[in-house]
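Dropping my_file_28.pdb in here (PDB, C-alpha atoms and all ligand atoms):
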MODEL        1
ATOM      1  CA  MET A   1     138.099-126.461 218.855
ATOM      2  CA  ALA A   2     137.392-129.972 217.576
ATOM      3  CA  LYS A   3     133.820-131.173 217.537
ATOM      4  CA  PHE A   4     132.725-132.751 220.847
ATOM      5  CA  ASP A   5     135.720-131.335 222.754
ATOM      6  CA  SER A   6     134.943-130.005 226.180
ATOM      7  CA  GLU A   7     134.862-126.375 225.001
ATOM      8  CA  TRP A   8     133.179-127.007 221.636
ATOM      9  CA  ILE A   9     129.762-125.354 221.353
ATOM     10  CA  PRO A  10     127.235-126.456 218.710
ATOM     11  CA  LYS A  11     124.884-124.122 216.882
ATOM     12  CA  SER A  12     121.802-125.921 218.201
ATOM     13  CA  ALA A  13     120.871-128.463 220.846
ATOM     14  CA  MET A  14     117.813-130.174 222.282
ATOM     15  CA  ALA A  15     117.296-131.726 225.715
ATOM     16  CA  ILE A  16     114.701-134.526 225.789
ATOM     17  CA  PHE A  17     113.624-135.599 229.271
ATOM     18  CA  ALA A  18     110.609-137.036 231.047
ATOM     19  CA  HIS A  19     109.659-134.432 233.655
ATOM     20  CA  PRO A  20     110.060-130.770 234.520
ATOM     21  CA  ASP A  21     113.332-130.552 236.549
ATOM     22  CA  ASP A  22     115.076-133.570 234.899
ATOM     23  CA  ALA A  23     117.027-131.405 232.459
ATOM     24  CA  GLU A  24     118.030-129.039 235.256
ATOM     25  CA  PHE A  25     119.667-131.895 237.162
ATOM     26  CA  SER A  26     121.228-133.389 234.028
ATOM     27  CA  CYS A  27     122.483-130.679 231.702
ATOM     28  CA  SER A  28     121.350-127.177 232.693
ATOM     29  CA  GLY A  29     124.850-125.886 233.457
ATOM     30  CA  THR A  30     125.848-126.843 229.926
ATOM     31  CA  ALA A  31     122.599-125.431 228.505
ATOM     32  CA  ALA A  32     123.186-122.043 230.144
ATOM     33  CA  LYS A  33     126.812-122.012 228.974
ATOM     34  CA  TRP A  34     125.941-122.907 225.397
ATOM     35  CA  VAL A  35     123.021-120.443 225.240
ATOM     36  CA  ARG A  36     125.363-117.643 226.339
ATOM     37  CA  ALA A  37     127.631-118.570 223.437
ATOM     38  CA  GLY A  38     124.763-118.356 220.940
ATOM     39  CA  CYS A  39     123.518-121.963 220.788
ATOM     40  CA  GLU A  40     119.794-122.345 220.012
ATOM     41  CA  PHE A  41     118.624-124.612 222.818
ATOM     42  CA  THR A  42     115.253-126.383 222.975
ATOM     43  CA  TYR A  43     113.761-128.323 225.860
ATOM     44  CA  VAL A  44     111.333-131.186 225.212
ATOM     45  CA  LEU A  45     109.396-132.466 228.226
ATOM     46  CA  CYS A  46     107.598-135.733 227.533
ATOM     47  CA  THR A  47     105.320-135.382 230.566
ATOM     48  CA  SER A  48     104.442-132.403 232.701
ATOM     49  CA  GLY A  49     104.860-134.435 235.869
ATOM     50  CA  ASN A  50     101.142-134.441 236.541
ATOM     51  CA  VAL A  51     101.184-136.946 239.428
ATOM     52  CA  GLY A  52     104.525-135.904 240.901
ATOM     53  CA  THR A  53     103.441-135.012 244.412
ATOM     54  CA  HIS A  54     102.181-136.538 247.670
ATOM     55  CA  ASP A  55     100.335-133.303 248.443
ATOM     56  CA  LEU A  56      96.627-133.941 247.860
ATOM     57  CA  LYS A  57      95.792-130.270 247.464
ATOM     58  CA  TYR A  58      96.782-130.748 243.798
ATOM     59  CA  THR A  59      94.954-132.443 240.951
ATOM     60  CA  PRO A  60      96.750-133.736 237.858
ATOM     61  CA  GLU A  61      95.391-130.692 236.011
ATOM     62  CA  SER A  62      96.507-128.108 238.562
ATOM     63  CA  LEU A  63      99.900-129.771 238.942
ATOM     64  CA  THR A  64     100.404-129.650 235.165
ATOM     65  CA  VAL A  65      99.805-125.908 235.145
ATOM     66  CA  LEU A  66     102.139-125.348 238.094
ATOM     67  CA  ARG A  67     104.972-127.559 236.881
ATOM     68  CA  GLU A  68     104.922-126.175 233.351
ATOM     69  CA  GLN A  69     105.196-122.675 234.824
ATOM     70  CA  GLU A  70     108.065-123.814 237.048
ATOM     71  CA  GLN A  71     109.789-125.199 233.942
ATOM     72  CA  ARG A  72     109.257-121.923 232.064
ATOM     73  CA  ASN A  73     110.725-120.026 235.007
ATOM     74  CA  ALA A  74     113.739-122.355 235.112
ATOM     75  CA  CYS A  75     114.268-121.935 231.361
ATOM     76  CA  ALA A  76     114.079-118.151 231.752
ATOM     77  CA  VAL A  77     116.925-118.358 234.290
ATOM     78  CA  LEU A  78     119.005-120.424 231.857
ATOM     79  CA  GLY A  79     118.141-118.384 228.758
ATOM     80  CA  VAL A  80     116.444-121.362 227.078
ATOM     81  CA  ARG A  81     113.631-119.845 225.014
ATOM     82  CA  GLN A  82     112.065-122.867 223.317
ATOM     83  CA  ILE A  83     110.130-125.409 225.377
ATOM     84  CA  GLU A  84     107.876-128.137 224.010
ATOM     85  CA  PHE A  85     105.496-129.957 226.370
ATOM     86  CA  LEU A  86     104.225-133.280 225.001
ATOM     87  CA  ARG A  87     101.892-133.815 228.002
ATOM     88  CA  HIS A  88     102.003-137.572 228.238
ATOM     89  CA  ASP A  89     100.785-138.811 231.605
ATOM     90  CA  ASP A  90     103.401-138.921 234.347
ATOM     91  CA  SER A  91     104.443-142.394 235.546
ATOM     92  CA  ARG A  92     102.886-143.980 232.447
ATOM     93  CA  LEU A  93     105.355-142.862 229.772
ATOM     94  CA  MET A  94     106.050-145.535 227.178
ATOM     95  CA  ALA A  95     108.884-145.586 224.657
ATOM     96  CA  ASP A  96     106.375-146.466 221.945
ATOM     97  CA  LEU A  97     105.987-145.389 218.332
ATOM     98  CA  THR A  98     103.663-142.524 219.286
ATOM     99  CA  LEU A  99     106.323-140.902 221.454
ATOM    100  CA  ARG A 100     109.122-141.732 219.006
ATOM    101  CA  ARG A 101     107.193-140.099 216.174
ATOM    102  CA  GLU A 102     106.507-136.953 218.233
ATOM    103  CA  LEU A 103     110.223-136.703 218.958
ATOM    104  CA  VAL A 104     111.085-137.237 215.288
ATOM    105  CA  HIS A 105     108.748-134.344 214.457
ATOM    106  CA  LEU A 106     110.410-132.015 216.958
ATOM    107  CA  ILE A 107     113.970-133.004 216.030
ATOM    108  CA  ARG A 108     113.178-132.420 212.358
ATOM    109  CA  LYS A 109     111.519-129.095 213.241
ATOM    110  CA  TYR A 110     114.356-127.658 215.350
ATOM    111  CA  LYS A 111     117.250-129.532 213.647
ATOM    112  CA  PRO A 112     119.504-129.757 216.716
ATOM    113  CA  GLU A 113     123.132-130.755 216.152
ATOM    114  CA  ILE A 114     123.199-132.251 219.648
ATOM    115  CA  VAL A 115     120.556-134.106 221.654
ATOM    116  CA  PHE A 116     120.796-134.532 225.434
ATOM    117  CA  CYS A 117     118.993-137.411 227.145
ATOM    118  CA  GLY A 118     119.196-139.834 230.046
ATOM    119  CA  ASP A 119     120.491-143.395 230.172
ATOM    120  CA  PRO A 120     117.786-145.879 229.127
ATOM    121  CA  ASN A 121     119.557-148.691 231.001
ATOM    122  CA  HIS A 122     119.741-146.931 234.333
ATOM    123  CA  LEU A 123     117.637-148.942 236.791
ATOM    124  CA  PHE A 124     119.177-148.478 240.262
ATOM    125  CA  TRP A 125     121.256-146.073 242.303
ATOM    126  CA  GLU A 126     123.421-148.318 244.466
ATOM    127  CA  ASN A 127     121.119-150.250 246.782
ATOM    128  CA  ASN A 128     118.569-147.716 247.901
ATOM    129  CA  ARG A 129     116.883-146.045 244.921
ATOM    130  CA  ILE A 130     115.041-147.134 241.788
ATOM    131  CA  ASN A 131     115.167-144.934 238.713
ATOM    132  CA  HIS A 132     111.800-143.578 237.580
ATOM    133  CA  PRO A 133     110.412-145.622 234.656
ATOM    134  CA  ASP A 134     109.577-142.412 232.765
ATOM    135  CA  HIS A 135     113.278-141.493 232.810
ATOM    136  CA  ARG A 136     114.176-144.743 231.063
ATOM    137  CA  ALA A 137     111.291-144.441 228.593
ATOM    138  CA  ALA A 138     112.137-140.859 227.614
ATOM    139  CA  ALA A 139     115.795-141.775 227.165
ATOM    140  CA  LEU A 140     115.026-144.815 225.021
ATOM    141  CA  ALA A 141     112.516-142.933 222.869
ATOM    142  CA  ALA A 142     115.010-140.088 222.353
ATOM    143  CA  ILE A 143     117.786-142.436 221.263
ATOM    144  CA  ASP A 144     115.493-144.448 218.999
ATOM    145  CA  ALA A 145     114.240-141.215 217.409
ATOM    146  CA  VAL A 146     117.783-139.942 216.788
ATOM    147  CA  PHE A 147     118.881-143.215 215.227
ATOM    148  CA  PRO A 148     117.769-144.133 212.770
ATOM    149  CA  CYS A 149     114.355-142.510 212.502
ATOM    150  CA  VAL A 150     115.001-138.768 212.069
ATOM    151  CA  SER A 151     117.431-139.375 209.227
ATOM    152  CA  MET A 152     115.302-141.774 207.181
ATOM    153  CA  GLU A 153     113.627-139.865 204.330
ATOM    154  CA  LEU A 154     110.959-142.505 203.705
ATOM    155  CA  LEU A 155     109.919-142.672 207.353
ATOM    156  CA  TRP A 156     107.122-140.294 208.362
ATOM    157  CA  PRO A 157     107.890-137.659 205.679
ATOM    158  CA  GLU A 158     104.896-135.673 206.923
ATOM    159  CA  GLU A 159     106.853-135.005 210.160
ATOM    160  CA  GLY A 160     109.389-132.893 208.289
ATOM    161  CA  PRO A 161     112.538-133.280 206.208
ATOM    162  CA  ALA A 162     115.114-135.835 207.317
ATOM    163  CA  HIS A 163     117.838-134.515 209.599
ATOM    164  CA  GLU A 164     121.077-135.922 210.967
ATOM    165  CA  VAL A 165     121.950-135.366 214.608
ATOM    166  CA  HIS A 166     125.724-134.991 215.088
ATOM    167  CA  GLY A 167     125.916-136.413 218.585
ATOM    168  CA  VAL A 168     124.004-137.502 221.681
ATOM    169  CA  TYR A 169     125.119-136.376 225.141
ATOM    170  CA  VAL A 170     123.871-139.087 227.464
ATOM    171  CA  ARG A 171     123.597-138.457 231.181
ATOM    172  CA  ASP A 172     125.148-141.835 231.943
ATOM    173  CA  LEU A 173     126.252-142.688 235.459
ATOM    174  CA  THR A 174     128.361-145.709 234.523
ATOM    175  CA  PHE A 175     130.552-144.398 231.700
ATOM    176  CA  VAL A 176     131.495-140.818 230.864
ATOM    177  CA  ASP A 177     134.027-139.466 228.407
ATOM    178  CA  THR A 178     133.259-135.744 228.161
ATOM    179  CA  TRP A 179     133.319-133.144 230.901
ATOM    180  CA  ILE A 180     131.833-129.676 230.357
ATOM    181  CA  ASP A 181     133.189-126.903 232.556
ATOM    182  CA  ILE A 182     130.156-125.240 234.192
ATOM    183  CA  THR A 183     132.050-123.101 236.704
ATOM    184  CA  GLU A 184     130.597-119.937 235.091
ATOM    185  CA  THR A 185     127.009-121.229 235.088
ATOM    186  CA  ILE A 186     126.648-123.378 238.200
ATOM    187  CA  ASP A 187     124.804-120.559 239.981
ATOM    188  CA  LEU A 188     122.284-120.500 237.117
ATOM    189  CA  LYS A 189     121.889-124.294 237.345
ATOM    190  CA  ILE A 190     121.117-124.058 241.057
ATOM    191  CA  LYS A 191     118.795-121.076 240.583
ATOM    192  CA  ALA A 192     116.956-122.920 237.786
ATOM    193  CA  LEU A 193     116.545-125.988 240.022
ATOM    194  CA  THR A 194     115.116-123.884 242.832
ATOM    195  CA  GLU A 195     112.387-122.689 240.448
ATOM    196  CA  HIS A 196     110.894-126.193 240.745
ATOM    197  CA  HIS A 197     109.302-125.374 244.100
ATOM    198  CA  SER A 198     106.706-128.147 243.958
ATOM    199  CA  GLN A 199     109.486-130.739 243.728
ATOM    200  CA  LEU A 200     112.540-129.426 245.496
ATOM    201  CA  ASP A 201     111.516-127.050 248.281
ATOM    202  CA  GLY A 202     111.734-129.946 250.711
ATOM    203  CA  ILE A 203     115.345-130.831 249.873
ATOM    204  CA  PRO A 204     117.705-129.238 252.399
ATOM    205  CA  ARG A 205     120.915-127.672 251.042
ATOM    206  CA  LEU A 206     120.094-128.461 247.422
ATOM    207  CA  GLY A 207     122.697-125.950 246.240
ATOM    208  CA  ASP A 208     125.426-127.583 248.365
ATOM    209  CA  MET A 209     124.501-131.002 246.983
ATOM    210  CA  ILE A 210     124.733-129.760 243.379
ATOM    211  CA  ARG A 211     128.065-128.024 244.053
ATOM    212  CA  LYS A 212     129.486-131.161 245.643
ATOM    213  CA  ARG A 213     128.388-133.393 242.760
ATOM    214  CA  SER A 214     129.609-130.938 240.131
ATOM    215  CA  ALA A 215     132.949-130.510 241.922
ATOM    216  CA  GLU A 216     133.437-134.292 241.962
ATOM    217  CA  ALA A 217     132.718-134.425 238.218
ATOM    218  CA  GLY A 218     135.178-131.620 237.508
ATOM    219  CA  LYS A 219     138.096-132.348 239.785
ATOM    220  CA  LYS A 220     140.077-134.784 237.613
ATOM    221  CA  HIS A 221     139.927-132.366 234.702
ATOM    222  CA  GLY A 222     140.916-129.174 236.436
ATOM    223  CA  PHE A 223     137.414-127.729 236.420
ATOM    224  CA  LYS A 224     135.954-126.346 239.611
ATOM    225  CA  TYR A 225     132.507-127.572 238.533
ATOM    226  CA  ALA A 226     131.525-129.814 235.616
ATOM    227  CA  GLU A 227     128.718-131.842 234.067
ATOM    228  CA  ALA A 228     129.804-135.203 232.668
ATOM    229  CA  PHE A 229     128.359-137.143 229.736
ATOM    230  CA  ARG A 230     128.853-140.199 227.567
ATOM    231  CA  VAL A 231     128.971-138.634 224.116
ATOM    232  CA  ILE A 232     127.813-140.749 221.192
ATOM    233  CA  ARG A 233     129.558-139.271 218.163
ATOM    234  CA  LEU A 234     127.423-139.901 215.070
ATOM    235  CA  LYS A 235     128.596-137.371 212.504
TER     236      LYS A 235
HETATM  237 ZN    ZN A 301     112.134-136.977 236.698
ENDMDL
END
Represent the structure of the file as structure tokens.
Ligand SMILES: [Zn+2]
Amino acid sequence: MAKFDSEWIPKSAMAIFAHPDDAEFSCSGTAAKWVRAGCEFTYVLCTSGNVGTHDLKYTPESLTVLREQEQRNACAVLGVRQIEFLRHDDSRLMADLTLRRELVHLIRKYKPEIVFCGDPNHLFWENNRINHPDHRAAALAAIDAVFPCVSMELLWPEEGPAHEVHGVYVRDLTFVDTWIDITETIDLKIKALTEHHSQLDGIPRLGDMIRKRSAEAGKKHGFKYAEAFRVIRLK
């Protein structure tokens, strides 16, 4: 199986996203599939989503505790054992050098072959939704950390030895070139999403929506269900 082919599975991977539940929407079917095949998978959450509610019974502190537990529960469903919470404030995430350096530290620590992230250029969905600014910031910081920072020996040597990431799987809605068959793990993806009660309990037929989306992604490639990515092949 050639590297980056649909059925290729790396030894290690890291998903870098802004909020608890982002990785579940973006790449959790692939995460569960790769973990089953022995891939060491790490989640990095840049914020803990501490203002992500309209329910005033929560405070930022209590919501942090709840959403981190929801993320741990989702990871337990998927078999993802390593989770890093950076605890930046929700809705104020900046793709600055502080965040980039924290990501460099974690990438050098876990040495993932593959990094998953969002699309830093994604601003709108058609004409009725605006992408969350934290999603763009997390995506940009992840990409800037991967290249060139993690691989530069003279940059922040105290954050660990330089490392080269082999590829970045970008959850890009405008261009995709790699489809991962998640037929075996779509139930785990949906179950993991439903662990995010504080966010998703109000969405009717969430499972049906995920199945429909995943079926659309898979149909041209003969997969019942798929996740699709733009894969940046670096090594
Ligand atoms: Zn989000």
**Request:** For ligand ZN 301 (chain A), list the contacting residues at 12 Å or closer, counting all atoms listed in the file, as a PyMOL selection string.
**Result:** chain A and resi 16-26+45-53+67+90-91+93+117-118+130-139+196+199-200
**Request:** Name the closest residue to Ala162 of chain A among the candidates A:Thr185, A:Ile107, A:Thr59, A:Phe175; distances are taken between atoms, counting all atoms listed in the file.
**Result:**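 Smallest separation from Ala162 of chain A among the options: A:Ile107.
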**Message:** Give me the residues near Ile190 of chain A as JSON, numbers by chain, where near means some atom within 8 Å (using only C-alpha atoms) and where sequence neighbours in that chain fewer than 4 positions away do not count.
**Reply:** {"A": [186, 194, 206, 207, 210]}
**Message:** Calculated over only C-alpha atoms, which of the candidates A:Arg233, A:Arg72, A:Lys220, A:Arg171 has the smallest distance to Ala15 of chain A?
**Reply:**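 Closest residue, counting only C-alpha atoms: A:Arg171.
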**Message:** List the spatial neighbours of Ile114 of chain A as a PyMOL selection string - criterion: any atom at most 10 Å away, all atoms listed in the file, same-chain residues fewer than 4 positions off excluded.
**Reply:** chain A and resi 4+9-15+41+107+146+164-169+231-234
Can you give me N, CA, C and O atoms for segment 113-139 of chain A, written as an mmCIF file, keeping the file's coordinate frame?
data_model
loop_
_atom_site.group_PDB
_atom_site.id
_atom_site.type_symbol
_atom_site.label_atom_id
_atom_site.label_comp_id
_atom_site.auth_asym_id
_atom_site.auth_seq_id
_atom_site.Cartn_x
_atom_site.Cartn_y
_atom_site.Cartn_z
ATOM 1 N N GLU A 113 121.904 -129.991 216.415
ATOM 2 C CA GLU A 113 123.132 -130.755 216.152
ATOM 3 C C GLU A 113 123.332 -131.800 217.259
ATOM 4 O O GLU A 113 123.820 -132.894 217.006
ATOM 5 N N ILE A 114 122.969 -131.399 218.476
ATOM 6 C CA ILE A 114 123.199 -132.251 219.648
ATOM 7 C C ILE A 114 121.885 -132.518 220.371
ATOM 8 O O ILE A 114 121.056 -131.611 220.524
ATOM 9 N N VAL A 115 121.702 -133.756 220.807
ATOM 10 C CA VAL A 115 120.556 -134.106 221.654
ATOM 11 C C VAL A 115 121.088 -134.582 223.013
ATOM 12 O O VAL A 115 122.033 -135.380 223.067
ATOM 13 N N PHE A 116 120.509 -134.071 224.076
ATOM 14 C CA PHE A 116 120.796 -134.532 225.434
ATOM 15 C C PHE A 116 119.668 -135.459 225.890
ATOM 16 O O PHE A 116 118.492 -135.165 225.654
ATOM 17 N N CYS A 117 120.022 -136.543 226.566
ATOM 18 C CA CYS A 117 118.993 -137.411 227.145
ATOM 19 C C CYS A 117 119.591 -138.201 228.304
ATOM 20 O O CYS A 117 120.788 -138.099 228.595
ATOM 21 N N GLY A 118 118.738 -138.989 228.948
ATOM 22 C CA GLY A 118 119.196 -139.834 230.046
ATOM 23 C C GLY A 118 119.724 -141.165 229.536
ATOM 24 O O GLY A 118 119.882 -141.380 228.328
ATOM 25 N N ASP A 119 119.974 -142.057 230.481
ATOM 26 C CA ASP A 119 120.491 -143.395 230.172
ATOM 27 C C ASP A 119 119.330 -144.391 230.248
ATOM 28 O O ASP A 119 118.780 -144.618 231.328
ATOM 29 N N PRO A 120 118.942 -144.980 229.108
ATOM 30 C CA PRO A 120 117.786 -145.879 229.127
ATOM 31 C C PRO A 120 118.008 -147.159 229.935
ATOM 32 O O PRO A 120 117.049 -147.851 230.275
ATOM 33 N N ASN A 121 119.262 -147.464 230.240
ATOM 34 C CA ASN A 121 119.557 -148.691 231.001
ATOM 35 C C ASN A 121 119.659 -148.469 232.506
ATOM 36 O O ASN A 121 119.907 -149.420 233.245
ATOM 37 N N HIS A 122 119.507 -147.224 232.915
ATOM 38 C CA HIS A 122 119.741 -146.931 234.333
ATOM 39 C C HIS A 122 118.535 -147.365 235.185
ATOM 40 O O HIS A 122 117.468 -146.767 235.108
ATOM 41 N N LEU A 123 118.732 -148.399 235.980
ATOM 42 C CA LEU A 123 117.637 -148.942 236.791
ATOM 43 C C LEU A 123 117.774 -148.606 238.282
ATOM 44 O O LEU A 123 116.795 -148.269 238.937
ATOM 45 N N PHE A 124 119.003 -148.684 238.808
ATOM 46 C CA PHE A 124 119.177 -148.478 240.262
ATOM 47 C C PHE A 124 120.277 -147.457 240.558
ATOM 48 O O PHE A 124 121.225 -147.328 239.785
ATOM 49 N N TRP A 125 120.138 -146.789 241.700
ATOM 50 C CA TRP A 125 121.256 -146.073 242.303
ATOM 51 C C TRP A 125 121.704 -146.901 243.495
ATOM 52 O O TRP A 125 120.955 -147.048 244.474
ATOM 53 N N GLU A 126 122.885 -147.486 243.389
ATOM 54 C CA GLU A 126 123.421 -148.318 244.466
ATOM 55 C C GLU A 126 122.332 -149.265 244.978
ATOM 56 O O GLU A 126 121.726 -149.971 244.182
ATOM 57 N N ASN A 127 122.092 -149.275 246.296
ATOM 58 C CA ASN A 127 121.119 -150.250 246.782
ATOM 59 C C ASN A 127 119.923 -149.617 247.489
ATOM 60 O O ASN A 127 119.238 -150.260 248.274
ATOM 61 N N ASN A 128 119.684 -148.328 247.174
ATOM 62 C CA ASN A 128 118.569 -147.716 247.901
ATOM 63 C C ASN A 128 117.632 -146.856 247.065
ATOM 64 O O ASN A 128 116.725 -146.227 247.608
ATOM 65 N N ARG A 129 117.831 -146.816 245.741
ATOM 66 C CA ARG A 129 116.883 -146.045 244.921
ATOM 67 C C ARG A 129 116.662 -146.725 243.587
ATOM 68 O O ARG A 129 117.566 -147.322 243.014
ATOM 69 N N ILE A 130 115.413 -146.602 243.105
ATOM 70 C CA ILE A 130 115.041 -147.134 241.788
ATOM 71 C C ILE A 130 114.813 -145.946 240.857
ATOM 72 O O ILE A 130 114.143 -144.975 241.239
ATOM 73 N N ASN A 131 115.367 -146.026 239.666
ATOM 74 C CA ASN A 131 115.167 -144.934 238.713
ATOM 75 C C ASN A 131 113.703 -144.923 238.246
ATOM 76 O O ASN A 131 113.074 -145.970 238.087
ATOM 77 N N HIS A 132 113.191 -143.728 238.012
ATOM 78 C CA HIS A 132 111.800 -143.578 237.580
ATOM 79 C C HIS A 132 111.626 -144.198 236.178
ATOM 80 O O HIS A 132 112.437 -143.925 235.287
ATOM 81 N N PRO A 133 110.593 -145.006 235.978
ATOM 82 C CA PRO A 133 110.412 -145.622 234.656
ATOM 83 C C PRO A 133 110.274 -144.606 233.521
ATOM 84 O O PRO A 133 110.688 -144.876 232.390
ATOM 85 N N ASP A 134 109.692 -143.443 233.816
ATOM 86 C CA ASP A 134 109.577 -142.412 232.765
ATOM 87 C C ASP A 134 110.960 -141.948 232.292
ATOM 88 O O ASP A 134 111.120 -141.568 231.131
ATOM 89 N N HIS A 135 111.928 -141.934 233.216
ATOM 90 C CA HIS A 135 113.278 -141.493 232.810
ATOM 91 C C HIS A 135 113.850 -142.453 231.769
ATOM 92 O O HIS A 135 114.452 -142.036 230.778
ATOM 93 N N ARG A 136 113.650 -143.753 232.015
ATOM 94 C CA ARG A 136 114.176 -144.743 231.063
ATOM 95 C C ARG A 136 113.423 -144.662 229.732
ATOM 96 O O ARG A 136 114.014 -144.756 228.659
ATOM 97 N N ALA A 137 112.101 -144.484 229.818
ATOM 98 C CA ALA A 137 111.291 -144.441 228.593
ATOM 99 C C ALA A 137 111.651 -143.229 227.741
ATOM 100 O O ALA A 137 111.800 -143.343 226.514
ATOM 101 N N ALA A 138 111.795 -142.069 228.373
ATOM 102 C CA ALA A 138 112.137 -140.859 227.614
ATOM 103 C C ALA A 138 113.506 -141.016 226.962
ATOM 104 O O ALA A 138 113.711 -140.622 225.802
ATOM 105 N N ALA A 139 114.444 -141.603 227.695
ATOM 106 C CA ALA A 139 115.795 -141.775 227.165
ATOM 107 C C ALA A 139 115.788 -142.724 225.970
ATOM 108 O O ALA A 139 116.405 -142.449 224.930
#
